[in-house]
>>> print(open('run_11.cif').read())   # mmCIF, C-alpha atoms
data_coords
#
loop_
_atom_site.label_atom_id
_atom_site.label_comp_id
_atom_site.auth_asym_id
_atom_site.auth_seq_id
_atom_site.Cartn_x
_atom_site.Cartn_y
_atom_site.Cartn_z
CA ASP A 1 -27.83 42.32 -14.04
CA LYS A 2 -30.44 40.06 -12.39
CA LYS A 3 -32.10 40.49 -9.02
CA ASN A 4 -31.18 37.85 -6.48
CA VAL A 5 -33.83 36.46 -4.12
CA LEU A 6 -32.91 34.13 -1.25
CA VAL A 7 -35.75 31.84 -0.12
CA LEU A 8 -35.22 30.42 3.36
CA HIS A 9 -36.98 27.44 4.94
CA ASP A 10 -34.40 26.55 7.58
CA LEU A 11 -33.83 27.72 11.14
CA TRP A 12 -31.78 30.87 11.69
CA ASN A 13 -29.00 28.89 13.42
CA ASP A 14 -28.66 26.15 10.80
CA PRO A 15 -25.22 25.95 9.13
CA GLU A 16 -26.77 26.95 5.80
CA ALA A 17 -27.73 30.35 7.25
CA MET A 18 -24.44 31.23 8.94
CA HIS A 19 -23.15 33.08 5.86
CA LEU A 20 -25.64 35.86 6.66
CA ARG A 21 -23.38 36.89 9.54
CA GLU A 22 -20.51 37.56 7.15
CA GLU A 23 -19.92 41.13 6.11
CA GLY A 24 -21.67 41.90 2.83
CA SER A 25 -23.55 38.61 2.61
CA ILE A 26 -27.03 40.09 3.10
CA ASP A 27 -26.19 42.84 0.59
CA ARG A 28 -25.87 40.22 -2.17
CA PHE A 29 -29.65 39.73 -2.13
CA ASN A 30 -32.41 42.10 -3.20
CA LYS A 31 -34.96 40.23 -1.08
CA LEU A 32 -35.01 37.47 1.50
CA VAL A 33 -38.17 35.37 1.61
CA PHE A 34 -39.37 33.59 4.76
CA VAL A 35 -42.18 31.07 5.33
CA SER A 36 -43.49 32.62 8.58
CA ASN A 37 -43.24 35.81 10.58
CA TYR A 38 -41.79 33.75 13.42
CA GLN A 39 -38.96 32.56 11.18
CA PHE A 40 -38.24 36.08 9.93
CA GLN A 41 -38.08 37.49 13.47
CA THR A 42 -35.49 34.88 14.46
CA TYR A 43 -33.34 35.81 11.42
CA HIS A 44 -33.75 39.49 12.26
CA MET A 45 -32.60 38.93 15.84
CA GLY A 46 -29.95 36.32 15.04
CA HIS A 47 -28.42 37.81 11.89
CA GLY A 48 -29.68 41.36 11.71
CA VAL A 49 -31.69 40.73 8.54
CA PRO A 50 -33.44 44.07 7.90
CA TYR A 51 -37.19 44.46 7.59
CA ASN A 52 -36.96 46.35 4.31
CA LYS A 53 -35.24 43.44 2.56
CA SER A 54 -37.61 40.77 3.87
CA ILE A 55 -40.97 39.34 2.92
CA VAL A 56 -43.05 36.48 4.36
CA LEU A 57 -44.49 34.16 1.72
CA ARG A 58 -46.30 31.33 3.48
CA ASN A 59 -46.29 27.71 2.37
CA ALA A 60 -49.33 26.55 0.42
CA ILE A 61 -51.19 23.32 -0.33
CA GLU A 62 -53.87 21.93 -2.59
CA VAL A 63 -56.88 22.24 -0.30
CA PHE A 64 -58.98 19.20 0.56
CA GLU A 65 -62.48 18.69 -0.75
CA GLU A 66 -65.29 18.20 1.74
CA HIS A 67 -65.51 14.63 3.04
CA GLU A 68 -66.99 12.58 5.87
CA LYS A 69 -64.85 11.11 8.64
CA PRO A 70 -65.40 7.48 9.69
CA LYS A 71 -67.11 7.06 13.06
CA ASP A 72 -66.09 3.54 14.05
CA GLN A 73 -62.68 4.60 15.43
CA ILE A 74 -60.65 7.70 16.20
CA ARG A 75 -57.68 7.61 13.85
CA LEU A 76 -54.52 9.47 14.80
CA ILE A 77 -51.93 10.30 12.17
CA TYR A 78 -48.26 11.30 12.20
CA HIS A 79 -47.01 12.24 8.73
CA THR A 80 -43.66 13.94 9.09
CA THR A 81 -40.06 12.85 9.66
CA PRO A 82 -39.32 10.83 12.82
CA HIS A 83 -36.96 13.28 14.54
CA ARG A 84 -39.77 15.78 15.09
CA GLY A 85 -41.54 13.96 17.93
CA LEU A 86 -42.34 10.36 16.99
CA GLU A 87 -40.32 9.13 19.98
CA LEU A 88 -42.80 10.89 22.29
CA LEU A 89 -45.91 9.97 20.36
CA VAL A 90 -45.38 6.20 20.32
CA PRO A 91 -45.13 5.64 24.11
CA VAL A 92 -47.99 8.09 24.71
CA PHE A 93 -50.17 6.19 22.24
CA GLU A 94 -49.21 2.87 23.82
CA HIS A 95 -50.29 4.26 27.19
CA LEU A 96 -53.63 5.54 25.88
CA TYR A 97 -54.23 2.29 24.01
CA GLN A 98 -54.34 0.47 27.33
CA SER A 99 -57.54 2.39 28.09
CA TYR A 100 -59.09 2.77 24.64
CA GLY A 101 -58.06 -0.46 22.93
CA ASP A 102 -59.08 -0.68 19.29
CA ARG A 103 -61.28 2.40 19.61
CA ILE A 104 -58.16 4.33 18.59
CA VAL A 105 -55.56 3.64 15.91
CA LEU A 106 -52.35 5.42 14.90
CA ASP A 107 -51.06 5.64 11.32
CA VAL A 108 -47.38 6.57 11.05
CA TYR A 109 -46.08 7.86 7.72
CA SER A 110 -42.49 8.62 8.58
CA SER A 111 -38.91 8.04 7.48
CA PHE A 112 -36.00 9.99 6.05
CA ASP A 113 -36.52 8.35 2.66
CA ILE A 114 -38.60 11.40 1.75
CA TYR A 115 -35.35 13.42 1.77
CA GLY A 116 -33.29 10.68 0.13
CA TRP A 117 -31.42 10.08 3.41
CA PRO A 118 -32.07 6.37 4.15
CA GLN A 119 -28.92 6.21 6.28
CA ARG A 120 -30.56 8.54 8.81
CA ASN A 121 -33.30 5.97 9.42
CA GLU A 122 -30.91 3.68 11.27
CA PRO A 123 -31.21 5.27 14.75
CA TYR A 124 -35.01 5.13 14.41
CA GLU A 125 -35.32 1.52 13.26
CA PRO A 126 -36.08 0.27 16.81
CA LEU A 127 -38.84 2.86 17.02
CA PHE A 128 -40.20 1.85 13.60
CA GLU A 129 -40.14 -1.79 14.73
CA GLN A 130 -41.98 -0.82 17.91
CA CYS A 131 -44.67 0.65 15.67
CA ARG A 132 -44.82 -2.48 13.50
CA GLN A 133 -45.26 -4.72 16.54
CA HIS A 134 -48.04 -2.75 18.20
CA PRO A 135 -51.59 -3.91 17.35
CA GLY A 136 -52.93 -0.35 17.27
CA ILE A 137 -50.19 1.23 15.12
CA ASN A 138 -49.81 0.97 11.34
CA TYR A 139 -46.31 1.88 10.17
CA HIS A 140 -46.28 2.94 6.51
CA GLY A 141 -42.85 4.52 6.10
CA THR A 142 -42.55 7.09 3.31
CA VAL A 143 -45.30 7.07 0.67
CA SER A 144 -46.54 9.54 -1.93
CA ASN A 145 -48.31 12.71 -0.90
CA GLU A 146 -51.41 11.40 -2.69
CA GLU A 147 -51.51 8.40 -0.32
CA VAL A 148 -50.95 10.62 2.72
CA ARG A 149 -53.79 12.89 1.61
CA GLU A 150 -56.14 9.90 1.33
CA ALA A 151 -55.10 8.86 4.85
CA LEU A 152 -55.76 12.38 6.17
CA LYS A 153 -59.32 12.22 4.88
CA LYS A 154 -59.88 9.16 7.10
CA SER A 155 -57.98 10.61 10.08
CA HIS A 156 -59.37 12.58 12.99
CA ILE A 157 -56.31 13.90 14.85
CA PHE A 158 -52.85 15.01 13.76
CA ALA A 159 -50.96 13.98 16.91
CA TYR A 160 -47.79 16.05 16.89
CA PRO A 161 -45.76 16.34 20.13
CA SER A 162 -43.14 18.35 18.27
CA ILE A 163 -39.58 18.53 19.57
CA TRP A 164 -38.40 20.29 16.41
CA MET A 165 -38.61 24.08 16.11
CA GLU A 166 -40.73 24.39 13.00
CA THR A 167 -40.40 27.43 10.75
CA SER A 168 -43.86 26.64 9.34
CA CYS A 169 -45.30 23.08 9.14
CA ILE A 170 -46.93 21.82 5.96
CA ALA A 171 -48.06 18.65 7.75
CA ALA A 172 -50.18 20.78 10.12
CA ILE A 173 -51.53 22.86 7.24
CA GLU A 174 -52.64 19.74 5.36
CA ALA A 175 -54.20 18.31 8.51
CA MET A 176 -56.19 21.49 9.14
CA SER A 177 -57.54 21.52 5.58
CA ALA A 178 -58.40 17.82 5.91
CA GLY A 179 -60.61 18.54 8.93
CA CYS A 180 -58.28 16.97 11.49
CA ALA A 181 -57.83 18.29 15.00
CA VAL A 182 -54.19 19.34 15.45
CA VAL A 183 -52.65 18.62 18.87
CA CYS A 184 -49.23 20.25 19.23
CA PRO A 185 -47.10 22.34 21.60
CA ASN A 186 -46.56 26.10 21.44
CA TYR A 187 -43.12 25.59 19.94
CA GLY A 188 -41.53 27.46 17.06
CA ALA A 189 -43.95 28.60 14.36
CA LEU A 190 -46.69 26.09 15.23
CA PRO A 191 -48.98 28.64 16.99
CA GLU A 192 -48.65 31.00 14.03
CA THR A 193 -49.10 28.30 11.40
CA THR A 194 -52.23 26.95 13.06
CA GLY A 195 -53.64 30.42 13.66
CA GLY A 196 -54.43 29.67 17.30
CA LEU A 197 -56.88 27.00 16.13
CA ALA A 198 -54.90 23.91 17.13
CA THR A 199 -55.22 22.36 20.57
CA VAL A 200 -51.96 23.76 21.87
CA TYR A 201 -50.20 22.96 25.14
CA PRO A 202 -47.04 24.45 26.72
CA TRP A 203 -43.81 22.97 25.37
CA SER A 204 -41.23 21.77 27.89
CA GLU A 205 -37.55 20.86 27.76
CA ASP A 206 -38.35 18.03 30.20
CA THR A 207 -39.24 15.05 28.01
CA ASN A 208 -41.36 13.28 30.64
CA TYR A 209 -43.28 16.45 31.46
CA HIS A 210 -43.80 17.12 27.75
CA ALA A 211 -45.11 13.56 27.21
CA ASN A 212 -47.52 13.87 30.16
CA GLN A 213 -48.82 17.23 28.95
CA PHE A 214 -49.33 15.85 25.46
CA ALA A 215 -51.06 12.69 26.74
CA ASN A 216 -53.51 14.68 28.87
CA VAL A 217 -54.46 17.06 26.05
CA LEU A 218 -54.62 14.29 23.45
CA LYS A 219 -57.01 12.32 25.64
CA ILE A 220 -59.33 15.33 25.90
CA VAL A 221 -59.43 15.70 22.12
CA ILE A 222 -60.05 11.96 21.61
CA ASP A 223 -62.92 12.03 24.09
CA ASN A 224 -64.48 15.16 22.62
CA PHE A 225 -63.79 14.83 18.91
CA TRP A 226 -67.46 14.40 17.98
CA HIS A 227 -68.65 17.07 20.42
CA GLU A 228 -70.60 19.81 18.69
CA GLY A 229 -68.25 22.53 19.91
CA LEU A 230 -65.11 20.85 18.59
CA GLN A 231 -66.80 19.97 15.30
CA GLY A 232 -67.73 23.63 14.84
CA LYS A 233 -64.14 24.65 15.57
CA LEU A 234 -62.83 22.13 13.01
CA LYS A 235 -65.14 23.49 10.32
CA PHE A 236 -63.89 27.01 11.03
CA THR A 237 -60.29 25.73 11.06
CA LYS A 238 -60.73 24.18 7.62
CA THR A 239 -62.17 27.43 6.24
CA TYR A 240 -59.23 29.34 7.73
CA ALA A 241 -56.63 26.95 6.27
CA ASP A 242 -58.33 26.72 2.88
CA ASN A 243 -58.30 30.50 2.52
CA LEU A 244 -54.87 31.30 3.98
CA TYR A 245 -52.86 28.43 2.48
CA ASN A 246 -54.57 27.86 -0.88
CA TRP A 247 -52.25 28.15 -3.86
#
>>> encode(input="run_11.cif", output="structure tokens")
Amino acid sequence: DKKNVLVLHDLWNDPEAMHLREEGSIDRFNKLVFVSNYQFQTYHMGHGVPYNKSIVLRNAIEVFEEHEKPKDQIRLIYHTTPHRGLELLVPVFEHLYQSYGDRIVLDVYSSFDIYGWPQRNEPYEPLFEQCRQHPGINYHGTVSNEEVREALKKSHIFAYPSIWMETSCIAAIEAMSAGCAVVCPNYGALPETTGGLATVYPWSEDTNYHANQFANVLKIVIDNFWHEGLQGKLKFTKTYADNLYNW
């Protein structure tokens, strides 16, 4: 005698969603809730989820208060799990560091401990160690959201060469509200989540091509972060994020 609502955060082709292909499965639910229009469209095409049973309810955050960014360095941040693109970011940063030196720094807040899956860290331990050994990279592992939010206030760029098809992306939403420039590919829901306000480049299946594209665009944003035009865009981006994603 109760209405059943299914809230979905995963990709349409994840094992958890395969039951929707079974006869009568969709009929068990009064509504299906998605975190982006992109995600809903993939479920509609992949599983035949009807429009009249679906609603998009976006993710939300506690918005950031106004703050000043430090001007002595350009700080890059990566604050999501490692399988989403850290393996591209680290070599790209190492390459750029050869030119910029300590004018840039990268803070990495990343591990599977956030999901309680420490065993999944093992394949990424060499990458984590690569971060620890580099003079321009600070590896922090998994910390509280409060600590990440403090780091975002001091950061300038969310460097995100995503290889994971996001259905939304709370990390990007937080970065936008924190006044960070978001550099990411046009992959999954990232263009929708960032409202066309990120510095977006074409995603590629070719890892080397993807890394080169990302490096070129990231360099442009580093060089122009304090330019009046980009600063104006970041102010608008924060206003957009604070209004659209505010609880």
>>> resolve_selection(input="run_11.cif", expression="the PyMOL selection byres ((chain A and resi 103) around 9)", output="list in words")
Asp72, Gln73, Ile74, Arg75, Tyr97, Tyr100, Gly101, Asp102, Ile104 and Val105 of chain A
>>> resolve_selection(input="run_11.cif", expression="the PyMOL selection byres ((chain A and resi 211) around 9)", output="tab-separated table (two decimals) with C-alpha atoms, keeping the file's coordinate frame")
chain	number	residue	atom	x	y	z
A	88	LEU	CA	-42.80	10.89	22.29
A	89	LEU	CA	-45.91	9.97	20.36
A	91	PRO	CA	-45.13	5.64	24.11
A	92	VAL	CA	-47.99	8.09	24.71
A	161	PRO	CA	-45.76	16.34	20.13
A	206	ASP	CA	-38.35	18.03	30.20
A	207	THR	CA	-39.24	15.05	28.01
A	208	ASN	CA	-41.36	13.28	30.64
A	209	TYR	CA	-43.28	16.45	31.46
A	210	HIS	CA	-43.80	17.12	27.75
A	212	ASN	CA	-47.52	13.87	30.16
A	213	GLN	CA	-48.82	17.23	28.95
A	214	PHE	CA	-49.33	15.85	25.46
A	215	ALA	CA	-51.06	12.69	26.74
A	216	ASN	CA	-53.51	14.68	28.87
>>> residues_around(input="run_11.cif", residues="segment 26-41 of chain A", least_positions_apart="2", cutoff="6 Å", atoms="only C-alpha atoms", output="list in words")
Asn4, Val5, Leu6, Val7, Leu8, Leu20, Gly24, Tyr43, His44, Lys53, Ser54, Ile55, Val56, Leu57, Arg58, Thr167 and Ala189 of chain A
>>> resolve_selection(input="run_11.cif", expression="the PyMOL selection byres ((chain A and resi 144-158) around 8)", output="PyMOL selection string")
chain A and resi 67-70+74-79+109+142-143+159-160+172+174-175+178-183+222+225
>>> atom_distance(input="run_11.cif", atom1="atom CA of Tyr124 of chain A", atom2="atom CA of Thr81 of chain A")
10.4 Å
>>> atom_distance(input="run_11.cif", atom1="atom CA of Asn138 of chain A", atom2="atom CA of Val90 of chain A")
11.3 Å
>>> atom_distance(input="run_11.cif", atom1="atom CA of Thr237 of chain A", atom2="atom CA of Thr193 of chain A")
11.5 Å
>>> closest_residue(input="run_11.cif", among="A:Ser168, A:Ser177, A:Asn121, A:Asn246", to="Pro191 of chain A", atoms="all atoms listed in the file")
A:Ser168
>>> closest_residue(input="run_11.cif", among="A:Pro185, A:Pro15, A:Pro123, A:Gly136", to="Leu218 of chain A", atoms="only C-alpha atoms")
A:Pro185
>>> closest_residue(input="run_11.cif", among="A:Ala241, A:Leu86, A:Val49, A:Leu234", to="Trp164 of chain A", atoms="all atoms listed in the file")
A:Leu86
>>> axis_aligned_box(input="run_11.cif", around="segment 162-176 of chain A", padding_each_side="5 Å", output="lines of an AutoDock Vina configuration file")
center_x = -47.3
center_y = 22.9
center_z = 12.5
size_x = 27.8
size_y = 19.1
size_z = 24.2
>>> closest_residue(input="run_11.cif", among="A:Val200, A:Ile173, A:Val108, A:Leu127", to="Asn59 of chain A", atoms="all atoms listed in the file")
A:Ile173
>>> closest_residue(input="run_11.cif", among="A:Ala198, A:Val217, A:Glu87, A:Cys169", to="Ala60 of chain A", atoms="all atoms listed in the file")
A:Cys169
>>> residues_near_point(input="run_11.cif", point="(-41.2, 28.7, 22.1)", cutoff="10 Å", atoms="only C-alpha atoms", output="list in words")
Met165, Pro185, Asn186, Tyr187, Gly188, Ala189, Leu190, Pro191, Pro202, Trp203 and Ser204 of chain A
>>> build_atoms(input="run_11.cif", residues="segment 187-199 of chain A", atoms="N, CA, C and O atoms", output="PDB file, keeping the file's coordinate frame")
ATOM      1  N   TYR A 187     -44.556  25.616  20.214  1.00  0.00           N
ATOM      2  CA  TYR A 187     -43.120  25.590  19.940  1.00  0.00           C
ATOM      3  C   TYR A 187     -42.855  26.071  18.525  1.00  0.00           C
ATOM      4  O   TYR A 187     -43.519  25.645  17.579  1.00  0.00           O
ATOM      5  N   GLY A 188     -41.879  26.960  18.382  1.00  0.00           N
ATOM      6  CA  GLY A 188     -41.530  27.460  17.060  1.00  0.00           C
ATOM      7  C   GLY A 188     -42.702  28.178  16.412  1.00  0.00           C
ATOM      8  O   GLY A 188     -43.432  28.946  17.049  1.00  0.00           O
ATOM      9  N   ALA A 189     -42.910  27.909  15.128  1.00  0.00           N
ATOM     10  CA  ALA A 189     -43.950  28.600  14.360  1.00  0.00           C
ATOM     11  C   ALA A 189     -45.300  27.904  14.423  1.00  0.00           C
ATOM     12  O   ALA A 189     -46.237  28.338  13.749  1.00  0.00           O
ATOM     13  N   LEU A 190     -45.431  26.848  15.229  1.00  0.00           N
ATOM     14  CA  LEU A 190     -46.690  26.090  15.230  1.00  0.00           C
ATOM     15  C   LEU A 190     -47.901  26.947  15.637  1.00  0.00           C
ATOM     16  O   LEU A 190     -48.953  26.849  14.999  1.00  0.00           O
ATOM     17  N   PRO A 191     -47.813  27.802  16.683  1.00  0.00           N
ATOM     18  CA  PRO A 191     -48.980  28.640  16.990  1.00  0.00           C
ATOM     19  C   PRO A 191     -49.360  29.559  15.844  1.00  0.00           C
ATOM     20  O   PRO A 191     -50.543  29.750  15.553  1.00  0.00           O
ATOM     21  N   GLU A 192     -48.353  30.124  15.165  1.00  0.00           N
ATOM     22  CA  GLU A 192     -48.650  31.000  14.030  1.00  0.00           C
ATOM     23  C   GLU A 192     -49.239  30.219  12.865  1.00  0.00           C
ATOM     24  O   GLU A 192     -50.245  30.626  12.269  1.00  0.00           O
ATOM     25  N   THR A 193     -48.634  29.092  12.539  1.00  0.00           N
ATOM     26  CA  THR A 193     -49.100  28.300  11.400  1.00  0.00           C
ATOM     27  C   THR A 193     -50.532  27.847  11.589  1.00  0.00           C
ATOM     28  O   THR A 193     -51.322  27.848  10.647  1.00  0.00           O
ATOM     29  N   THR A 194     -50.881  27.455  12.799  1.00  0.00           N
ATOM     30  CA  THR A 194     -52.230  26.950  13.060  1.00  0.00           C
ATOM     31  C   THR A 194     -53.214  28.055  13.433  1.00  0.00           C
ATOM     32  O   THR A 194     -54.385  27.772  13.697  1.00  0.00           O
ATOM     33  N   GLY A 195     -52.755  29.291  13.450  1.00  0.00           N
ATOM     34  CA  GLY A 195     -53.640  30.420  13.660  1.00  0.00           C
ATOM     35  C   GLY A 195     -54.368  30.411  14.998  1.00  0.00           C
ATOM     36  O   GLY A 195     -55.460  30.959  15.111  1.00  0.00           O
ATOM     37  N   GLY A 196     -53.774  29.771  16.003  1.00  0.00           N
ATOM     38  CA  GLY A 196     -54.430  29.670  17.300  1.00  0.00           C
ATOM     39  C   GLY A 196     -55.592  28.701  17.323  1.00  0.00           C
ATOM     40  O   GLY A 196     -56.346  28.649  18.295  1.00  0.00           O
ATOM     41  N   LEU A 197     -55.737  27.895  16.256  1.00  0.00           N
ATOM     42  CA  LEU A 197     -56.880  27.000  16.130  1.00  0.00           C
ATOM     43  C   LEU A 197     -56.548  25.543  16.456  1.00  0.00           C
ATOM     44  O   LEU A 197     -57.441  24.696  16.493  1.00  0.00           O
ATOM     45  N   ALA A 198     -55.274  25.249  16.670  1.00  0.00           N
ATOM     46  CA  ALA A 198     -54.900  23.910  17.130  1.00  0.00           C
ATOM     47  C   ALA A 198     -55.187  23.799  18.620  1.00  0.00           C
ATOM     48  O   ALA A 198     -55.417  24.791  19.308  1.00  0.00           O
ATOM     49  N   THR A 199     -55.189  22.572  19.123  1.00  0.00           N
ATOM     50  CA  THR A 199     -55.220  22.360  20.570  1.00  0.00           C
ATOM     51  C   THR A 199     -53.766  22.378  21.021  1.00  0.00           C
ATOM     52  O   THR A 199     -53.022  21.413  20.830  1.00  0.00           O
TER      53      THR A 199
END
